[in-house]
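K.L.:
Provided herewith is a single structure, encoded as structure tokens, for subsequent inquiry.
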Amino acid sequence: MIILHQIDPIAFGLGPLQVHWYGIMYLLGFGLAWWLGRRRIRAGRLPGVDEQAFGDLLFYGMLGVVLGGRIGYVLFYGFEDLLRDPLMLFRIWEGGMSFHGGLLGVMAATLWWARKHRLHFFDVADFVAPLVPPGLGFGRIGNYIGGELWGKFTDGGWGVVFPRAAEFAGWSNEQLQAQFAAGVLDRFARHPSQLYQAALEGLAMFCILWWYSSKPRPRYAIAGLFALLYGTFRFLVEFVRMPDAQLGYLAFGWLTMGQVLSLPLVAIGLFWLWLSHRSPTLRLQPPEQ
């Protein structure tokens with residue numbers, strides 16, 4: 001059944017402050033990562049690290065997500081806007097976060113924390129990898145609620161009409177309601193690609209990685225599987241997702257920036273999985289109470 005997107009992106013207001021669902025999704029993602037991470041710490045998945053040290057790692061990871069995600073978006077998708085208006089880098093409330101930039105930010109934060117605690121970077125990366133997908137899933141749900149990053153047109157019965165799309169510029173809510181009720185807008189239904197990504201990058205990746213990491217694995221293996229899965233899922237979904245308006249397709253009439261940035265992840269994931277076959281496996285060592 002084709003539906004008209006009518007979800008208010010603002011969850012509630014506190015005086016002049018408006019709390020958006022997208023921000024709440026971030027909080028849910030970090031909260032679940034904290035809860036799952038504590039479980040893995042108690043099970044001894046990262047020997048020598050207690051819950052307090054893990055709390056520090058999560059805090060640095062949060063900074064890496066926000067700073068890396070914003071800087072990555074500006075560099076990958078909005079560099080010309082940055083040149084025209086350098087202050088747009090700091091206007092996070094206007095939207096614009098990049099997974100690939102956030103990933104680089106988390107990796108930088110993880111490297112700094114690992115060196116501080118004299119741990120191998122990939123032992124920490126393998127520990128962190130299963131904690132990330134829930135946040136990705138919640139983030140994509142936030143994109144859907146906000147009515148952004150929609151997909152291409154579809155004649156499937158599950159399409160969604162997004163009022164924020166360019167074809168409805170200048171339309172009032174009353175016009176949209178009337179035309180949708182008359183069935184006129186069915187031809188403008190789009191793939192809810194945000195939900196496809198939530199299902200693949202969030203739910204599917206979490207289930208696979210949580211199951212795979214339930215037993216001790218060689219170094220590089222979990223991080224490698226994470227990179228391979230995300231790169232593959234993102235590359236595939238990009239075929240039904242609209243490219244960023246300011247970039248369009250980069251080549252062949254279908255290649256997007258998201259796909260270009262995802263291909264190295266697939267290659268790196270395969271390389272790390274290959275390295276894991278000749279790498280040691282950490283033993284479970286629950287922290288002392």
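Chains: A, B, ... in order of the structure tokens. Residues: from 1 per chain. Ligands: from 1, in order shown.
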As a PyMOL selection string, which residues of region 125-286 of chain A does DSSP assign to helix (DSSP H, G or I)?
P.N.:
chain A and resi 125-131+133-145+166-168+173-181+184-188+193-212+221-237+257-276
K.L.:
Counting only C-alpha atoms, what is within 10 Å of region 163-170 of chain A, bar same-chain residues fewer than 6 positions away, as a list in words?
P.N.:
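Near neighbours after the sequence-gap exclusion: Leu4, His5, Gln6, Gly146, Gly147, Glu148, Leu149, Trp150, Leu176, Phe188, Arg190 and Ala245 of chain A.
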K.L.:
Compare A:Tyr26, A:Phe122, A:Tyr60, A:Phe54 by their minimum atom-to-atom distance to Arg40 (chain A), counting only C-alpha atoms, and give me the closest one.
P.N.:
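The shortest atom-to-atom distance to Arg40 (chain A) comes from A:Phe54.
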K.L.:
Restricting the calculation to only C-alpha atoms, which member of A:Arg187, A:Arg70, A:Lys152, A:Arg140 is positioned closest to Gly202 (chain A)?
P.N.:
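Selected residue with least distance to Gly202 (chain A): A:Arg140.
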K.L.:
So which residues touch Leu228 (chain A) within 7 Å, counting only C-alpha atoms, skipping near sequence neighbours fewer than 2 positions away, as a CSV table (one decimal) with N, CA and C atoms, in the first residue's frame?
P.N.:
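Final output, saved to out19.csv:
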```
chain,number,residue,atom,x,y,z
A,224,GLY,N,36.9,-7.2,9.9
A,224,GLY,CA,36.8,-7.5,8.5
A,224,GLY,C,35.4,-7.8,8.0
A,225,LEU,N,34.7,-8.6,8.7
A,225,LEU,CA,33.4,-9.0,8.4
A,225,LEU,C,32.4,-7.7,8.4
A,226,PHE,N,32.6,-6.9,9.4
A,226,PHE,CA,31.9,-5.6,9.5
A,226,PHE,C,32.1,-4.8,8.2
A,230,TYR,N,29.1,-4.1,5.5
A,230,TYR,CA,28.6,-2.7,5.3
A,230,TYR,C,28.8,-2.2,3.8
A,231,GLY,N,30.0,-2.4,3.3
A,231,GLY,CA,30.3,-2.0,2.0
A,231,GLY,C,29.4,-2.7,1.0
A,232,THR,N,29.1,-4.0,1.1
A,232,THR,CA,28.3,-4.7,0.2
A,232,THR,C,26.8,-4.2,0.3
A,265,LEU,N,35.8,-0.3,1.3
A,265,LEU,CA,35.4,-1.0,2.5
A,265,LEU,C,35.3,-2.5,2.2
A,266,VAL,N,34.8,-2.8,1.0
A,266,VAL,CA,34.7,-4.3,0.6
A,266,VAL,C,36.1,-4.8,0.5
A,269,GLY,N,37.7,-5.1,3.9
A,269,GLY,CA,37.1,-6.2,4.7
A,269,GLY,C,37.7,-7.6,4.2
A,270,LEU,N,37.8,-7.8,2.9
A,270,LEU,CA,38.3,-9.0,2.4
A,270,LEU,C,39.8,-9.2,2.8
```
K.L.:
Find the residues around Gln285 (chain A) up to 12 Å (only C-alpha atoms counted), leave out those fewer than 4 positions away in its own chain, and share them as a count of residues only.
P.N.:
13
K.L.:
At a cut-off of 10 Å, can you tabulate as JSON lines every residue of region 93-192 of chain A near region 256-261 of chain A together with its closest atom pair and the distance in Å to one decimal, using only C-alpha atoms and ordering rows by chain then number?
P.N.:
```
{"residue": "A:Ser98", "atom": "CA", "partner": "A:Gly258", "partner_atom": "CA", "distance": 9.4}
{"residue": "A:Phe99", "atom": "CA", "partner": "A:Gly258", "partner_atom": "CA", "distance": 9.4}
{"residue": "A:His100", "atom": "CA", "partner": "A:Leu261", "partner_atom": "CA", "distance": 7.2}
{"residue": "A:Gly101", "atom": "CA", "partner": "A:Leu261", "partner_atom": "CA", "distance": 9.9}
```
K.L.:
Would you mind exporting the chosen residues as a PDB file, in the first residue's frame, restricted to N, CA and C atoms?
P.N.:
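Printed below is result_1.pdb as written:
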```pdb
ATOM      1  N   SER A  98      27.956  11.889   7.470  1.00  0.00           N
ATOM      2  CA  SER A  98      28.443  10.840   6.583  1.00  0.00           C
ATOM      3  C   SER A  98      28.876   9.626   7.395  1.00  0.00           C
ATOM      4  N   PHE A  99      28.382   8.437   7.002  1.00  0.00           N
ATOM      5  CA  PHE A  99      28.820   7.225   7.693  1.00  0.00           C
ATOM      6  C   PHE A  99      30.323   7.038   7.537  1.00  0.00           C
ATOM      7  N   HIS A 100      30.822   7.195   6.314  1.00  0.00           N
ATOM      8  CA  HIS A 100      32.236   6.931   6.073  1.00  0.00           C
ATOM      9  C   HIS A 100      33.119   7.891   6.877  1.00  0.00           C
ATOM     10  N   GLY A 101      32.677   9.148   7.005  1.00  0.00           N
ATOM     11  CA  GLY A 101      33.411  10.079   7.843  1.00  0.00           C
ATOM     12  C   GLY A 101      33.318   9.700   9.308  1.00  0.00           C
TER      13      GLY A 101
END
```
K.L.:
Write out as an NGL selection string the residues lying within 10 Å of Phe239 (chain A), counting only C-alpha atoms and excluding same-chain residues fewer than 4 positions away.
P.N.:
:A and (151-152 or 193 or 234-235 or 243 or 254-256 or 259)
K.L.:
Per residue of region 92-193 of chain A within 8 Å of region 206-215 of chain A, which atom pair is closest and at what distance in Å (one decimal), using only C-alpha atoms, listed by chain and increasing number, as a Markdown table?
P.N.:
```
| residue | atom | partner | partner_atom | distance |
| --- | --- | --- | --- | --- |
| A:Ala129 | CA | A:Leu209 | CA | 7.6 |
| A:Pro130 | CA | A:Leu209 | CA | 5.3 |
| A:Leu131 | CA | A:Phe206 | CA | 7.7 |
| A:Val132 | CA | A:Phe206 | CA | 7.8 |
| A:Pro133 | CA | A:Phe206 | CA | 5.2 |
| A:Pro134 | CA | A:Phe206 | CA | 6.5 |
```
K.L.:
Name the closest residue to Met62 (chain A) among the candidates A:Gly183, A:Leu82, A:Leu27, A:Phe76; distances are taken between atoms, counting only C-alpha atoms.
P.N.:
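Checking each candidate against Met62 (chain A), we get A:Leu27 as the closest.
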K.L.:
What is the distance between CA of Ser279 (chain A) and CA of Phe233 (chain A), in Å to one decimal?
P.N.:
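Pair CA of Ser279 (chain A) / CA of Phe233 (chain A) returns 26.7 Å.
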K.L.:
Near Asp56 (chain A), within 12 Å and counting only C-alpha atoms, which residues show up once chain neighbours fewer than 4 positions away are dropped, as a list of chain:residue names?
P.N.:
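Result of the neighbour search: A:Trp34, A:Gly37, A:Val49, A:Asp50, A:Glu51, A:Gln52, A:Tyr60, A:Gly61, A:Met62, A:Leu63, A:Ala109, A:Thr110, A:Trp112, A:Trp113, A:Ala114, A:Lys116, A:His117.
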K.L.:
Could you tell me how far CA of Gly248 (chain A) lies from CA of Glu80 (chain A), in Å and to one decimal?
P.N.:
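It comes out at 14.1 Å.
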